[in-house]
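Trainee: Have a look at the structure that comes next, please.
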Amino acid sequence: MMSSRSISRVDPHVFVIFGGTGDLAQRKLIPSLYRLITDHEVRDGCVVLGVSRREVGDAGYRDWAKEALVESGLEADEVDTWCQGNLHHQALSDSDSGYGALRERIESIEAEHSLPGNRVFYMAIPPGAFATTIEGLGSSGLNQGAGWIRVVVEKPFGTDLESARALNDLLLSNFDETQIYRIDHYLGKATVQNLLTFRFTNPMFERLWNRDRVSRVEITVAEDLGIAGRAGYYERAGVVRDMVQNHLTQLLALVAMEPPNVFHADRIRDEKVKVITAVAPVEEDDVVYGRYEAGQRDGEEVPGYLEEAGVSADSMTPTFVGIRLYVDTWRWQGIPFLLRTGKRLPRRSTHIEVTFREPALCVFHGRRDDCVHEPDVLRIILEPDEGFDLRFNVKSPDEDTTIDTQALHFRYSDVYGKLPDAYQTLILDILEGDQTLFVRADEVEASWRLYDPLLERPPKLIGYTAGTWGPPEMDQGAPLGD
Ligand code: BG6
């Protein structure tokens, strides 16, 4: 799960992308695969087979991929050789025989490139097509072979507990859990991975990481974009399914989990599941929903959610949510975890803030209620400009008793330059067979079990102007009360 690995442990394989000509393949998968090969993290012997309904043929697919790579910032002549040698395309028909033909195609590619039968099946397709694809892989025997076989499932993984269970059952009747990679791209972000390193190699902080020293934890994912033309999906999903059930809950689990005894994928995931299952049922009063109204972004007028193309006039879909949760464990009992995310907020900002308790007695003012200084805060910044700020109090030299807040800063970019893309990290993990950064069946179900009751209650929507910090009730980004 580390980003730059010089000695590749990746075996030659066929990387099959269902949705091979789709948006995700174009923006993330093809560029990541290409970079892994040119960075020598994956040796030659990675052959990509794009599968889609389009009849583009091999030559058309190579041109399409070349364009995708050029759009991602590479030069056309740099990528040409790889595209010519390693890319194929297979059109998939709706009938069962489509998967039989796909199997023949994969076997002929393996023979042509002398590959040992290792296969990745990446489902970069709409969730409605997951079931038929998994069944097709099973019925055609593509789920078995001479080498390793891994299946990658993109989000959303179900829309509630029942659908997630059904999808897990289907996957597990065709594959083994060790072959299944449920993606949450937040886990591929370097700073998210670093949460574990930070927590478990710096005992200085770990000693403070509990209800005795921490007064609250806030997890914020603010986006300045709207729904970016995805009304069809977003109308049904809404902010809890789109962001909270997966990304924010993964961040919560990493912040709140106990140290695993060993750094092993299943031991880490065991600890994450324990956190998610320990969250107390969310009370109605602990949730604030919002929906953006027309406003501004970068000085330009932007429409409200209801005016977005494809959104129905009577839509009740929230685009913002603030949730207060309590993790009922020995370490965290009684400490609020405030999860907050929304679209069309003033800027893109993802961070976790751990606020420490104030001194028992404020000696500079005599009485505690006179205390005017800020609490110490550790802010872990995931986007943009990844790093940490540790805020603490100092005496201002100007006046006798004035207490000032200052911060220690660390920024990844100052030390390491540009961080790798999350997909690049995750694809390398898939190829190396490392499941640490992927969500296990019980984890995804625990998360739906937590949010299902909340999703069953009709949301009380509060309007907020695009370009502001959400419903005015949220008090300019402040926590949901204490
Ligand atoms: C996706 C959501 O999973 O994550 C999008 O579907 C959201 O709605 C995106 O914009 C945010 O990801 P990131 O990496 O840009 O913070």
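We label chains A, B, ... in the order they appear in the structure tokens, count residues from 1 in each chain, and number ligands from 1 in the order shown.
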Quick one: contact table of segment 182-239 of chain A to segment 290-303 of chain A, 9 Å max, nearest atom pair and distance in Å to one decimal per residue, counting only C-alpha atoms, chain and number order, as a tab-separated table?

Mentor:
```
residue	atom	partner	partner_atom	distance
A:Asp224	CA	A:Arg297	CA	7.4
A:Leu225	CA	A:Arg297	CA	8.4
A:Gly226	CA	A:Tyr292	CA	8.6
```

Trainee: What residues have any atom no more than 10 Å from ligand 1 when counting only C-alpha atoms and all ligand atoms, and can you list them as a VMD selection string?

Mentor: chain A and resid 154 to 156 183 to 189 221 to 228 230 233 to 234 237 to 239 241 to 244 246 to 247 319 341 to 343 348 to 350 382 to 384 421 to 423

Trainee: Write out as a ChimeraX atom specification the residues lying within 8 Å of Asp58 of chain A, counting only C-alpha atoms and excluding same-chain residues fewer than 6 positions away.

Mentor: /A:87-90

Trainee: One decimal, in Å: what's the spacing between atom CA of Val47 of chain A and atom CA of Val16 of chain A?

Mentor: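 We find that atom CA of Val47 of chain A and atom CA of Val16 of chain A lie 8.4 Å from each other.
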
Trainee: List the spatial neighbours of Gly45 of chain A as an MDAnalysis selection string - criterion: any atom at most 9 Å away, only C-alpha atoms, same-chain residues fewer than 4 positions off excluded.

Mentor: chainID A and resid 11:14 86 113:115

Trainee: With distances taken over only C-alpha atoms, which residue among A:Ala59, A:Asp414, A:Ala231, A:Met123 lies nearest Glu308 of chain A?

Mentor: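 Smallest distance to Glu308 of chain A is found for A:Ala231.
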
Trainee: Point out the residue among A:Gly145, A:Ile109, A:Leu167, A:Tyr181 with the least atom-to-atom distance to Gln435 of chain A, counting only C-alpha atoms.

Mentor: A:Tyr181

Trainee: Please, what distance in Å, to one decimal, runs between atom CA of Arg457 of chain A and atom CA of Thr317 of chain A?

Mentor: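 If I compute the distance from atom CA of Arg457 of chain A to atom CA of Thr317 of chain A, I get 12.3 Å.
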
Trainee: Give me, please, the distance in Å between atom CA of Gly322 of chain A and atom CA of Val287 of chain A, quoted to one decimal.

Mentor: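 Spanning atom CA of Gly322 of chain A to atom CA of Val287 of chain A is a straight-line distance of 5.7 Å.
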
Trainee: Output as a PyMOL selection string all residues of segment 215-335 of chain A that backbone DSSP marks as alpha helix (DSSP H).

Mentor: chain A and resi 231-239+249-256+265-278

Trainee: Go ahead and save the residues from that selection, with C-alpha atoms, as a compact mmCIF listing (two decimals), in the first residue's frame.

Mentor:
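Writing the result to again-v2.txt gives the following:
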```txt
# COMPACT_ATOMS: atom_id res chain seq x y z
CA ALA A 231 -28.34 14.02 -12.04
CA GLY A 232 -29.44 10.53 -13.12
CA TYR A 233 -27.20 8.96 -10.49
CA TYR A 234 -27.25 11.70 -7.85
CA GLU A 235 -31.03 12.06 -7.70
CA ARG A 236 -31.26 8.47 -6.47
CA ALA A 237 -28.12 8.54 -4.36
CA GLY A 238 -28.05 11.86 -2.49
CA VAL A 239 -25.22 12.93 -0.26
CA THR A 249 -17.15 6.41 7.12
CA GLN A 250 -13.81 5.02 5.96
CA LEU A 251 -12.10 8.13 7.32
CA LEU A 252 -14.00 7.76 10.58
CA ALA A 253 -12.92 4.11 10.87
CA LEU A 254 -9.25 4.97 10.31
CA VAL A 255 -9.30 7.80 12.84
CA ALA A 256 -11.14 5.85 15.53
CA ALA A 265 -5.09 -6.48 5.54
CA ASP A 266 -7.55 -8.56 7.52
CA ARG A 267 -6.35 -7.46 10.94
CA ILE A 268 -6.69 -3.81 9.89
CA ARG A 269 -10.12 -4.44 8.43
CA ASP A 270 -11.17 -6.30 11.59
CA GLU A 271 -10.41 -3.14 13.58
CA LYS A 272 -12.28 -0.91 11.11
CA VAL A 273 -15.38 -3.11 11.30
CA LYS A 274 -15.30 -2.87 15.09
CA VAL A 275 -15.49 0.93 14.89
CA ILE A 276 -18.35 1.00 12.39
CA THR A 277 -20.37 -1.53 14.37
CA ALA A 278 -19.74 0.45 17.57
```

Trainee: Let me make sure I understand: among A:Leu69, A:Met204, A:Val10, A:Val279, which one has the smallest atom-to-atom distance to Arg324 of chain A if we use only C-alpha atoms?

Mentor: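 Result for the nearest residue to Arg324 of chain A: A:Val279.
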
Trainee: Which of these, A:Ala441, A:Val282, A:Ala65, A:Val377, has the shortest distance to Glu358 of chain A once you count only C-alpha atoms?

Mentor: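 When distances to Glu358 of chain A are compared using only C-alpha atoms, the smallest one comes from A:Val377.
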
Trainee: Got a sec to tell me which of segment 40-184 of chain A DSSP assigns to strand (DSSP E), as an NGL selection string?

Mentor: :A and (46-52 or 87-91 or 119-123 or 149-153 or 180-182)

Trainee: Using only C-alpha atoms, find the one residue out of A:Asn194, A:Leu92, A:Arg54, A:Glu71 that sits nearest to Ile30 of chain A.

Mentor: A:Glu71

Trainee: When you count only C-alpha atoms, which of these residues is closest to Val439 of chain A: A:Asp286, A:Asp385, A:Glu177, A:Glu112?

Mentor: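 Using only C-alpha atoms, Val439 of chain A sits closest to A:Glu177.
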
Trainee: Could you name the residues that touch Ala25 of chain A at 12 Å or less, counting only C-alpha atoms, but leaving out those on the same chain fewer than 3 positions away, as a VMD selection string?

Mentor: chain A and resid 15 to 22 28 to 34 48 to 52 61 64 to 65 67 to 69 72 122 to 125 154 423

Trainee: Could you list, as a PyMOL selection string, every residue within 8 Å of Pro420 of chain A, counting only C-alpha atoms and ignoring same-chain residues fewer than 3 positions away?

Mentor: chain A and resi 3+189-190+424-425

Trainee: Env of Val288 of chain A: 10 Å cut, atoms = only C-alpha atoms, seq-sep filter 4 positions within chain, self excluded. Answer as number ranges by chain.

Mentor: A: 284, 318, 320-324, 340, 459-462, 470-471, 473-474, 480
